[in-house]
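Pasting structure_6.tsv here (TSV, C-alpha atoms):
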chain	number	residue	atom	x	y	z
A	880	MET	CA	0.00	0.00	0.00
A	881	VAL	CA	1.00	3.64	-0.40
A	882	THR	CA	0.92	5.59	2.84
A	883	ALA	CA	0.10	9.29	2.83
A	884	ASP	CA	0.60	9.70	6.61
A	885	PHE	CA	2.58	12.93	6.92
A	886	LYS	CA	4.68	11.52	9.79
A	887	SER	CA	5.92	8.78	7.45
A	888	LEU	CA	7.36	11.16	4.87
A	889	LEU	CA	11.10	11.23	4.31
A	890	PRO	CA	13.33	13.32	6.60
A	891	VAL	CA	14.49	16.76	5.43
A	892	ILE	CA	18.11	17.63	6.33
A	893	ASP	CA	19.64	21.10	5.94
A	894	ILE	CA	23.31	20.25	5.42
A	895	SER	CA	24.61	23.85	5.29
A	896	PRO	CA	26.34	23.56	8.72
A	897	LEU	CA	28.21	20.48	7.43
A	898	LEU	CA	29.25	22.21	4.20
A	899	ALA	CA	30.49	25.26	6.14
A	900	LYS	CA	32.98	23.03	7.98
A	901	CYS	CA	33.55	20.28	5.39
A	902	ASP	CA	37.25	21.11	4.92
A	903	ASP	CA	37.96	21.24	8.65
A	904	SER	CA	39.35	17.95	10.01
A	905	ASP	CA	37.87	18.90	13.42
A	906	MET	CA	34.39	19.41	11.97
A	907	ALA	CA	32.91	16.81	14.33
A	908	LYS	CA	33.46	19.19	17.28
A	909	ASP	CA	31.14	21.80	15.74
A	910	ALA	CA	27.64	21.80	17.25
A	911	GLY	CA	25.94	22.49	13.89
A	912	VAL	CA	27.83	19.63	12.22
A	913	ALA	CA	26.98	17.29	15.11
A	914	GLU	CA	23.27	18.04	14.64
A	915	VAL	CA	23.44	17.29	10.89
A	916	VAL	CA	25.39	14.08	11.58
A	917	LYS	CA	22.73	12.93	14.07
A	918	LYS	CA	20.00	13.50	11.47
A	919	LEU	CA	21.99	11.69	8.75
A	920	ASP	CA	22.47	8.69	11.04
A	921	ARG	CA	18.77	8.52	11.87
A	922	ALA	CA	17.75	8.85	8.20
A	923	CYS	CA	20.25	6.22	7.00
A	924	ARG	CA	19.20	3.76	9.70
A	925	ASP	CA	15.44	4.30	9.41
A	926	VAL	CA	14.79	4.58	5.69
A	927	GLY	CA	17.98	5.13	3.64
A	928	PHE	CA	16.40	8.15	1.87
A	929	PHE	CA	16.27	11.82	2.81
A	930	TYR	CA	15.84	15.28	1.28
A	931	VAL	CA	18.96	17.48	1.18
A	932	THR	CA	18.54	21.25	1.47
A	933	GLY	CA	21.19	23.93	2.07
A	934	HIS	CA	23.42	22.05	-0.40
A	935	GLY	CA	24.92	25.10	-2.10
A	936	ILE	CA	23.95	24.25	-5.70
A	937	SER	CA	21.89	27.10	-7.13
A	938	ASP	CA	18.18	26.62	-7.66
A	939	ASP	CA	18.60	28.20	-11.11
A	940	LEU	CA	21.05	25.48	-12.18
A	941	ILE	CA	18.92	22.67	-10.76
A	942	LYS	CA	15.89	23.99	-12.69
A	943	LYS	CA	17.88	24.65	-15.86
A	944	VAL	CA	19.11	21.04	-15.92
A	945	ARG	CA	15.49	19.86	-15.89
A	946	GLU	CA	14.35	22.47	-18.43
A	947	VAL	CA	16.93	21.54	-21.07
A	948	THR	CA	16.15	17.88	-20.43
A	949	HIS	CA	12.45	18.52	-21.10
A	950	GLN	CA	13.49	20.31	-24.31
A	951	PHE	CA	15.52	17.30	-25.45
A	952	PHE	CA	12.77	14.76	-24.76
A	953	GLU	CA	10.24	16.97	-26.64
A	954	LEU	CA	12.30	16.62	-29.86
A	955	PRO	CA	11.13	14.32	-32.66
A	956	TYR	CA	12.17	10.69	-32.20
A	957	GLU	CA	14.52	10.87	-35.22
A	958	GLU	CA	16.40	13.76	-33.60
A	959	LYS	CA	16.81	11.87	-30.32
A	960	LEU	CA	18.10	8.83	-32.20
A	961	LYS	CA	21.16	10.84	-33.31
A	962	ILE	CA	22.68	9.91	-29.93
A	963	LYS	CA	21.26	6.38	-29.79
A	964	ILE	CA	22.70	4.01	-27.19
A	965	THR	CA	24.56	0.98	-28.58
A	966	PRO	CA	26.72	-1.79	-27.08
A	967	ALA	CA	29.58	-0.72	-29.40
A	968	GLY	CA	29.41	2.84	-27.99
A	969	GLY	CA	29.80	1.71	-24.39
A	970	TYR	CA	26.09	1.75	-23.55
A	971	ARG	CA	26.15	5.56	-23.52
A	972	GLY	CA	23.41	7.69	-25.07
A	973	TYR	CA	19.68	7.77	-25.71
A	974	GLN	CA	17.36	4.82	-25.18
A	975	ARG	CA	13.77	4.85	-26.34
A	976	ILE	CA	10.77	3.98	-24.15
A	977	GLY	CA	10.70	0.30	-23.16
A	978	VAL	CA	14.37	-0.54	-23.80
A	979	ASN	CA	15.22	-0.48	-20.07
A	980	PHE	CA	14.25	-3.51	-17.97
A	981	THR	CA	14.16	-3.77	-14.15
A	982	SER	CA	13.88	-7.26	-12.61
A	983	GLY	CA	12.95	-8.61	-16.05
A	984	LYS	CA	10.04	-6.18	-16.56
A	985	GLN	CA	9.86	-3.38	-19.11
A	986	ASP	CA	10.10	0.17	-17.73
A	987	MET	CA	8.00	2.96	-19.21
A	988	HIS	CA	10.64	5.64	-19.59
A	989	GLU	CA	13.18	7.00	-22.05
A	990	ALA	CA	16.62	8.15	-20.98
A	991	ILE	CA	20.14	9.30	-21.72
A	992	ASP	CA	22.79	7.23	-19.93
A	993	CYS	CA	26.21	8.72	-19.14
A	994	TYR	CA	29.26	7.41	-17.30
A	995	ARG	CA	32.54	8.90	-16.23
A	996	GLU	CA	34.80	8.70	-19.29
A	997	PHE	CA	38.09	6.79	-19.11
A	998	LYS	CA	40.95	5.87	-21.43
A	999	GLN	CA	40.63	2.73	-23.53
A	1000	GLY	CA	42.17	-0.25	-21.74
A	1001	ARG	CA	42.37	1.52	-18.36
A	1002	TYR	CA	40.21	-1.07	-16.61
A	1003	GLY	CA	41.18	-4.08	-18.74
A	1004	ASP	CA	38.56	-6.59	-19.85
A	1005	ILE	CA	36.04	-5.56	-17.18
A	1006	GLY	CA	35.93	-1.95	-18.40
A	1007	LYS	CA	35.67	-2.76	-22.14
A	1008	VAL	CA	31.87	-2.88	-22.01
A	1009	LEU	CA	31.64	0.79	-20.96
A	1010	GLU	CA	34.47	2.20	-23.08
A	1011	GLY	CA	33.28	5.15	-25.14
A	1012	SER	CA	32.45	8.84	-25.02
A	1013	ASN	CA	29.26	10.27	-23.57
A	1014	GLN	CA	26.80	11.31	-26.25
A	1015	TRP	CA	25.42	14.72	-25.37
A	1016	PRO	CA	22.59	16.21	-27.41
A	1017	GLY	CA	23.58	18.95	-29.89
A	1018	ASN	CA	20.12	20.37	-29.29
A	1019	PRO	CA	19.65	22.18	-26.89
A	1020	GLN	CA	23.06	23.62	-27.70
A	1021	GLU	CA	24.20	24.37	-24.14
A	1022	TYR	CA	23.36	20.86	-22.87
A	1023	LYS	CA	26.90	19.41	-22.67
A	1024	ASP	CA	28.50	22.39	-20.89
A	1025	LEU	CA	25.59	22.70	-18.47
A	1026	MET	CA	25.64	19.00	-17.57
A	1027	GLU	CA	29.41	18.87	-17.14
A	1028	GLU	CA	29.23	21.78	-14.68
A	1029	TYR	CA	26.34	20.05	-12.88
A	1030	ILE	CA	28.24	16.73	-12.66
A	1031	LYS	CA	31.24	18.44	-11.08
A	1032	LEU	CA	29.03	20.11	-8.45
A	1033	CYS	CA	27.16	16.84	-7.73
A	1034	THR	CA	30.50	15.03	-7.34
A	1035	ASP	CA	31.70	17.56	-4.76
A	1036	LEU	CA	28.36	17.55	-2.94
A	1037	SER	CA	28.28	13.74	-2.76
A	1038	ARG	CA	31.80	13.65	-1.30
A	1039	ASN	CA	30.79	16.16	1.37
A	1040	ILE	CA	27.58	14.33	2.30
A	1041	LEU	CA	29.65	11.16	2.67
A	1042	ARG	CA	31.93	12.99	5.13
A	1043	GLY	CA	28.84	13.52	7.27
A	1044	ILE	CA	27.76	9.89	6.85
A	1045	SER	CA	31.28	8.77	7.79
A	1046	LEU	CA	31.00	10.74	11.04
A	1047	ALA	CA	27.50	9.32	11.58
A	1048	LEU	CA	28.98	5.81	11.50
A	1049	GLY	CA	31.51	6.78	14.16
A	1050	GLY	CA	34.53	7.20	11.89
A	1051	SER	CA	36.64	10.20	10.90
A	1052	PRO	CA	35.18	12.43	8.15
A	1053	TYR	CA	37.40	10.69	5.59
A	1054	GLU	CA	36.63	6.95	5.87
A	1055	PHE	CA	35.01	7.04	2.40
A	1056	GLU	CA	38.07	8.63	0.79
A	1057	GLY	CA	40.51	5.75	1.34
A	1058	LYS	CA	42.00	3.36	-1.22
A	1059	MET	CA	38.62	2.11	-2.51
A	1060	LEU	CA	37.33	5.63	-3.11
A	1061	ARG	CA	40.27	7.81	-4.15
A	1062	ASP	CA	39.20	7.89	-7.79
A	1063	PRO	CA	35.40	7.79	-7.66
A	1064	PHE	CA	33.44	6.64	-10.70
A	1065	TRP	CA	30.07	8.23	-11.48
A	1066	VAL	CA	26.95	7.34	-13.45
A	1067	MET	CA	24.16	9.68	-14.56
A	1068	ARG	CA	20.73	8.70	-15.86
A	1069	ILE	CA	18.69	11.52	-17.41
A	1070	ILE	CA	15.17	10.08	-17.43
A	1071	GLY	CA	11.89	11.09	-19.05
A	1072	TYR	CA	8.58	9.56	-17.98
A	1073	PRO	CA	5.71	10.10	-20.45
A	1074	GLY	CA	2.39	11.32	-19.10
A	1075	VAL	CA	-0.23	8.59	-18.69
A	1076	ASN	CA	-4.00	8.41	-18.98
A	1077	GLN	CA	-4.34	5.50	-16.55
A	1078	GLU	CA	-3.25	4.89	-12.96
A	1079	ASN	CA	-0.15	3.15	-11.59
A	1080	VAL	CA	1.98	2.77	-14.72
A	1081	ILE	CA	5.40	1.47	-13.65
A	1082	GLY	CA	7.95	4.00	-14.87
A	1083	CYS	CA	10.76	2.05	-13.20
A	1084	GLY	CA	10.32	-1.18	-11.24
A	1085	ALA	CA	11.31	-1.69	-7.60
A	1086	HIS	CA	15.10	-1.78	-7.12
A	1087	THR	CA	17.95	-0.67	-4.89
A	1088	ASP	CA	20.74	1.51	-6.30
A	1089	TYR	CA	23.94	-0.43	-6.82
A	1090	GLY	CA	26.47	2.30	-6.04
A	1091	LEU	CA	27.36	4.43	-3.05
A	1092	LEU	CA	25.16	7.54	-2.95
A	1093	THR	CA	22.46	8.90	-5.29
A	1094	LEU	CA	21.29	12.49	-5.81
A	1095	ILE	CA	17.86	12.83	-7.45
A	1096	ASN	CA	16.75	16.05	-9.14
A	1097	GLN	CA	13.04	15.67	-10.01
A	1098	ASP	CA	10.29	17.88	-11.39
A	1099	ASP	CA	8.64	19.95	-8.66
A	1100	ASP	CA	5.02	19.43	-9.69
A	1101	LYS	CA	4.56	15.64	-9.97
A	1102	THR	CA	4.91	12.88	-7.37
A	1103	ALA	CA	6.02	9.55	-8.81
A	1104	LEU	CA	8.98	8.23	-6.78
A	1105	GLN	CA	7.99	5.84	-3.97
A	1106	VAL	CA	10.24	4.46	-1.22
A	1107	LYS	CA	9.59	1.28	0.80
A	1108	ASN	CA	9.88	1.84	4.54
A	1109	VAL	CA	10.67	-0.70	7.27
A	1110	ASP	CA	6.97	-1.47	7.73
A	1111	GLY	CA	6.66	-2.45	4.06
A	1112	ASP	CA	4.63	0.64	3.13
A	1113	TRP	CA	5.44	2.67	0.01
A	1114	ILE	CA	6.11	6.31	0.94
A	1115	PRO	CA	5.58	8.95	-1.79
A	1116	ALA	CA	8.69	11.13	-2.22
A	1117	ILE	CA	6.77	14.37	-2.73
A	1118	PRO	CA	9.01	16.95	-4.46
A	1119	ILE	CA	10.41	19.78	-2.34
A	1120	PRO	CA	11.53	22.60	-4.68
A	1121	GLY	CA	15.27	23.32	-4.54
A	1122	SER	CA	16.11	20.08	-2.75
A	1123	PHE	CA	17.78	16.85	-3.82
A	1124	ILE	CA	16.50	13.47	-2.72
A	1125	CYS	CA	19.50	11.50	-1.52
A	1126	ASN	CA	19.66	7.74	-0.97
A	1127	ILE	CA	22.26	5.16	-0.10
A	1128	GLY	CA	23.19	2.30	-2.43
A	1129	ASP	CA	24.40	-1.30	-2.18
A	1130	MET	CA	28.10	-0.36	-2.01
A	1131	LEU	CA	27.48	1.80	1.09
A	1132	THR	CA	25.67	-1.13	2.69
A	1133	ILE	CA	28.82	-3.21	2.19
A	1134	LEU	CA	31.33	-0.52	3.27
A	1135	SER	CA	29.33	0.23	6.44
A	1136	ASN	CA	29.31	-3.50	7.30
A	1137	GLY	CA	25.53	-3.62	6.90
A	1138	VAL	CA	24.76	-0.83	9.39
A	1139	TYR	CA	23.05	1.23	6.69
A	1140	GLN	CA	20.85	-0.69	4.27
A	1141	SER	CA	20.02	0.38	0.70
A	1142	THR	CA	16.28	0.79	0.24
A	1143	LEU	CA	13.86	-0.47	-2.41
A	1144	HIS	CA	12.22	2.27	-4.45
A	1145	LYS	CA	10.20	2.54	-7.66
A	1146	VAL	CA	8.63	5.10	-9.97
A	1147	VAL	CA	4.87	4.95	-10.51
A	1148	ASN	CA	3.37	7.30	-13.10
A	1149	ASN	CA	-0.10	8.67	-12.40
A	1150	SER	CA	0.12	12.09	-14.05
A	1151	PRO	CA	-0.93	13.05	-17.60
A	1152	LYS	CA	2.09	15.41	-17.63
A	1153	TYR	CA	5.58	14.45	-18.81
A	1154	ARG	CA	8.02	14.07	-15.88
A	1155	VAL	CA	11.81	14.47	-15.84
A	1156	CYS	CA	14.24	13.11	-13.28
A	1157	VAL	CA	18.03	13.48	-13.36
A	1158	ALA	CA	19.75	10.89	-11.15
A	1159	PHE	CA	23.45	11.22	-10.30
A	1160	PHE	CA	25.18	8.18	-8.81
A	1161	TYR	CA	28.44	8.67	-6.90
A	1162	GLU	CA	30.47	5.48	-6.74
A	1163	THR	CA	33.66	3.83	-5.49
A	1164	ASN	CA	36.74	3.45	-7.73
A	1165	PHE	CA	35.73	1.42	-10.79
A	1166	GLU	CA	38.24	-1.35	-10.02
A	1167	ALA	CA	37.71	-1.32	-6.22
A	1168	GLU	CA	37.25	-4.62	-4.42
A	1169	VAL	CA	34.51	-3.39	-2.12
A	1170	GLU	CA	34.33	-4.95	1.32
A	1171	PRO	CA	33.43	-3.66	4.79
A	1172	LEU	CA	35.87	-1.00	6.00
A	1173	ASP	CA	38.00	-2.24	8.90
A	1174	ILE	CA	36.87	0.55	11.22
A	1175	PHE	CA	33.21	-0.45	10.79
A	1176	LYS	CA	33.96	-4.17	11.14
A	1177	GLU	CA	35.50	-3.33	14.52
A	1178	LYS	CA	32.70	-0.97	15.58
A	1179	TYR	CA	29.83	-3.17	14.40
A	1180	PRO	CA	31.07	-6.78	14.57
A	1181	GLY	CA	27.61	-8.35	14.79
A	1182	LYS	CA	26.13	-6.51	11.80
A	1183	GLU	CA	27.74	-8.46	8.96
A	1184	THR	CA	25.20	-10.22	6.74
A	1185	SER	CA	25.53	-12.41	3.66
A	1186	GLN	CA	25.10	-9.26	1.54
A	1187	VAL	CA	28.28	-7.71	2.94
A	1188	ALA	CA	30.34	-10.80	3.77
A	1189	LYS	CA	31.87	-11.21	0.30
A	1190	ARG	CA	34.02	-8.84	-1.72
A	1191	VAL	CA	32.43	-7.20	-4.74
A	1192	VAL	CA	34.44	-5.66	-7.57
A	1193	TYR	CA	32.39	-2.53	-8.20
A	1194	GLY	CA	33.09	-2.32	-11.95
A	1195	GLN	CA	32.07	-5.95	-12.48
A	1196	HIS	CA	28.94	-5.39	-10.39
A	1197	LEU	CA	28.05	-2.35	-12.53
A	1198	ILE	CA	28.71	-4.15	-15.83
A	1199	ASN	CA	26.52	-7.09	-14.75
A	1200	LYS	CA	23.68	-4.68	-13.97
A	1201	VAL	CA	24.10	-2.84	-17.30
A	1202	LEU	CA	24.10	-6.07	-19.32
A	1203	THR	CA	21.02	-7.37	-17.47
A	1204	THR	CA	19.18	-4.05	-17.86
A	1205	PHE	CA	19.91	-3.86	-21.59
A	1206	ALA	CA	19.72	-7.57	-22.43
A	1207	ASN	CA	17.26	-6.75	-25.24
A	1208	LEU	CA	19.03	-3.64	-26.50
A	1209	VAL	CA	20.20	-5.04	-29.85
A	1210	GLU	CA	16.76	-6.44	-30.73
A	1211	ASN	CA	14.85	-3.38	-29.50
A	1212	SER	CA	17.01	-0.57	-30.82

As structure tokens, the full file:
Amino acid sequence: MVTADFKSLLPVIDISPLLAKCDDSDMAKDAGVAEVVKKLDRACRDVGFFYVTGHGISDDLIKKVREVTHQFFELPYEEKLKIKITPAGGYRGYQRIGVNFTSGKQDMHEAIDCYREFKQGRYGDIGKVLEGSNQWPGNPQEYKDLMEEYIKLCTDLSRNILRGISLALGGSPYEFEGKMLRDPFWVMRIIGYPGVNQENVIGCGAHTDYGLLTLINQDDDKTALQVKNVDGDWIPAIPIPGSFICNIGDMLTILSNGVYQSTLHKVVNNSPKYRVCVAFFYETNFEAEVEPLDIFKEKYPGKETSQVAKRVVYGQHLINKVLTTFANLVENS
């Protein structure tokens, strides 16, 4: 069931006190930082999703990113196909409605998929699947420059939120900047959900995010994202203008030794209006062998579960997800 109980809605965290001190190694001693850290801990333990305000990225840029994305998705299909996603191009570019599958079921959305670019051969055989350049639309003209600025800001913001989460777990601010995370990979999905004339169309099926931390920039006037809480109820993630929705992914579950669990979520379309969502995924190093960090194994020895007990090579994990998601790409393109 979907719950509309106001008390069940996701927590809202103003992280400006954390950002003001994020370059201070003694930030944990600051009362404002301590308050943010307490809220992050509660949110990550209770639901794994929260709204981020006071994040320092201008409202104008957040809106502009969505506006140019709406403009792209409004173009004729033939125009969008100029940046069509292909296996040969590293699974980067535009995918039409119905190409993406979640848990074997077709999703009702179209998208542009982008990944951090890297030199050919850098990650050996594992990385070959994603080798290629991101395909940015030529129309609207400013799209590439705008998105590259946005990605840089989202990368910095994600790193700073993780400093707060690191403190929340009882570590130093920098536990998520060690050898597994010195060269973070990123993924971005720019998603368009067509308006519908019937209820409960699955825009994206229930899933957890496979990386570390996700920042979601969604249209302000339509509610479609739903998050499963500990009671098994689906909570609507009602848009709060100027905020990001932030959630933790599978890799953070492993690194934290299972203390923080990634959360199932889905997108259900009920609106006749077209909806845009830009999701930025901040990850570990591509080649990292992800396992619980020693400090959290010591702090939380009883928390380890089967999900976190084994090492996962992040890049291989990502490639497996991409190949499963786009198993039908060649036939459907």

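The smallest atom-to-atom distance between Glu1056 in chain A and any of A:Ala967, A:Lys1145, A:Glu957, A:Leu1172, using only C-alpha atoms, is found for A:Leu1172.
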
Contact residues around Val1109 in chain A with all atoms listed in the file at 10 Å, ignoring same-chain residues under 4 positions, as a compact mmCIF listing (two decimals) with C-alpha atoms, keeping the file's coordinate frame:
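Output file selection32.txt follows:
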# COMPACT_ATOMS: atom_id res chain seq x y z
CA ARG A 924 19.20 3.76 9.70
CA ASP A 925 15.44 4.30 9.41
CA VAL A 926 14.79 4.58 5.69
CA TRP A 1113 5.44 2.67 0.01
CA THR A 1142 16.28 0.79 0.24

Next item on the list: Show me as a PyMOL selection string the residues that reach within 7 Å of (3.0, 1.5, -12.2), counting only C-alpha atoms and using the file's own coordinates.
Entry: chain A and resi 1079-1082+1147-1148

Next item on the list: Excluding Gly927 in chain A and residues on its chain fewer than 2 positions from it, collect all residues at most 7 Å away from it, counting only C-alpha atoms, and give them as a PyMOL selection string.
Entry: chain A and resi 922-925+929+1126-1127+1140-1142

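With CA of Pro1016 in chain A on one side and CA of Ile936 in chain A on the other, the separation reads 23.2 Å.
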
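Remark: for Thr1087 in chain A, the closest of the candidate residues A:Asp1129, A:Glu1054, A:Asp1099, A:Asp903 is A:Asp1129 (distances computed over all atoms listed in the file).
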
Return as a tab-separated table the residues of range 972-1091 of chain A lying at most 10 Å from range 1176-1180 of chain A, together with the closest atom-to-atom pair for each and the distance in Å to one decimal, counting only C-alpha atoms, with rows in chain order and ascending residue number.
residue	atom	partner	partner_atom	distance
A:Leu1048	CA	A:Lys1178	CA	8.7
A:Gly1049	CA	A:Lys1178	CA	8.0
A:Gly1050	CA	A:Lys1178	CA	9.1

With 12 Å as the threshold, what does the neighbourhood of (27.5, 22.9, -15.8) contain in terms of residues, counting all atoms listed in the file? Coordinates are those of the file; answer as a PDB file with C-alpha atoms, in the coordinates of the input.
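Below you can see selection-v5.pdb, which holds the result:
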ATOM      1  CA  ILE A 936      23.950  24.250  -5.700  1.00  0.00           C
ATOM      2  CA  SER A 937      21.890  27.100  -7.130  1.00  0.00           C
ATOM      3  CA  ASP A 939      18.600  28.200 -11.110  1.00  0.00           C
ATOM      4  CA  LEU A 940      21.050  25.480 -12.180  1.00  0.00           C
ATOM      5  CA  ILE A 941      18.920  22.670 -10.760  1.00  0.00           C
ATOM      6  CA  LYS A 943      17.880  24.650 -15.860  1.00  0.00           C
ATOM      7  CA  VAL A 944      19.110  21.040 -15.920  1.00  0.00           C
ATOM      8  CA  VAL A 947      16.930  21.540 -21.070  1.00  0.00           C
ATOM      9  CA  GLU A1021      24.200  24.370 -24.140  1.00  0.00           C
ATOM     10  CA  TYR A1022      23.360  20.860 -22.870  1.00  0.00           C
ATOM     11  CA  LYS A1023      26.900  19.410 -22.670  1.00  0.00           C
ATOM     12  CA  ASP A1024      28.500  22.390 -20.890  1.00  0.00           C
ATOM     13  CA  LEU A1025      25.590  22.700 -18.470  1.00  0.00           C
ATOM     14  CA  MET A1026      25.640  19.000 -17.570  1.00  0.00           C
ATOM     15  CA  GLU A1027      29.410  18.870 -17.140  1.00  0.00           C
ATOM     16  CA  GLU A1028      29.230  21.780 -14.680  1.00  0.00           C
ATOM     17  CA  TYR A1029      26.340  20.050 -12.880  1.00  0.00           C
ATOM     18  CA  ILE A1030      28.240  16.730 -12.660  1.00  0.00           C
ATOM     19  CA  LYS A1031      31.240  18.440 -11.080  1.00  0.00           C
ATOM     20  CA  LEU A1032      29.030  20.110  -8.450  1.00  0.00           C
ATOM     21  CA  CYS A1033      27.160  16.840  -7.730  1.00  0.00           C
ATOM     22  CA  THR A1034      30.500  15.030  -7.340  1.00  0.00           C
TER      23      THR A1034
END

Output, as JSON, the centre and edge lengths in Å (one decimal) of the axis-aligned box that contains all listed atoms of range 1144-1161 of chain A with 6 Å of margin on each side.
{"center_x": 13.8, "center_y": 8.8, "center_z": -11.6, "size_x": 41.4, "size_y": 25.1, "size_z": 26.4}

Notebook entry, point to check: Could you pull the residues within 12 Å of Gly1128 in chain A, counting all atoms listed in the file, minus those fewer than 3 positions along the same chain, as a PyMOL selection string?
Noted result: chain A and resi 923+926-928+1086-1094+1125+1131-1135+1137+1139-1144+1159-1163+1193

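Our summary of the geometry notes that CA of Ala1158 in chain A is positioned 27.1 Å from CA of Asp1004 in chain A.
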
Margin query: Excluding Phe997 in chain A and its own-chain neighbours fewer than 3 positions away, which residues fall within 12 Å of it when counting only C-alpha atoms? Please give them as an MDAnalysis selection string.
Written below: chainID A and resid 969 994 1000:1003 1006:1013 1062:1065 1164:1165

Check: Between CA of Asp893 in chain A and CA of Lys908 in chain A, what is the spacing in Å?
Finding: 18.0 Å
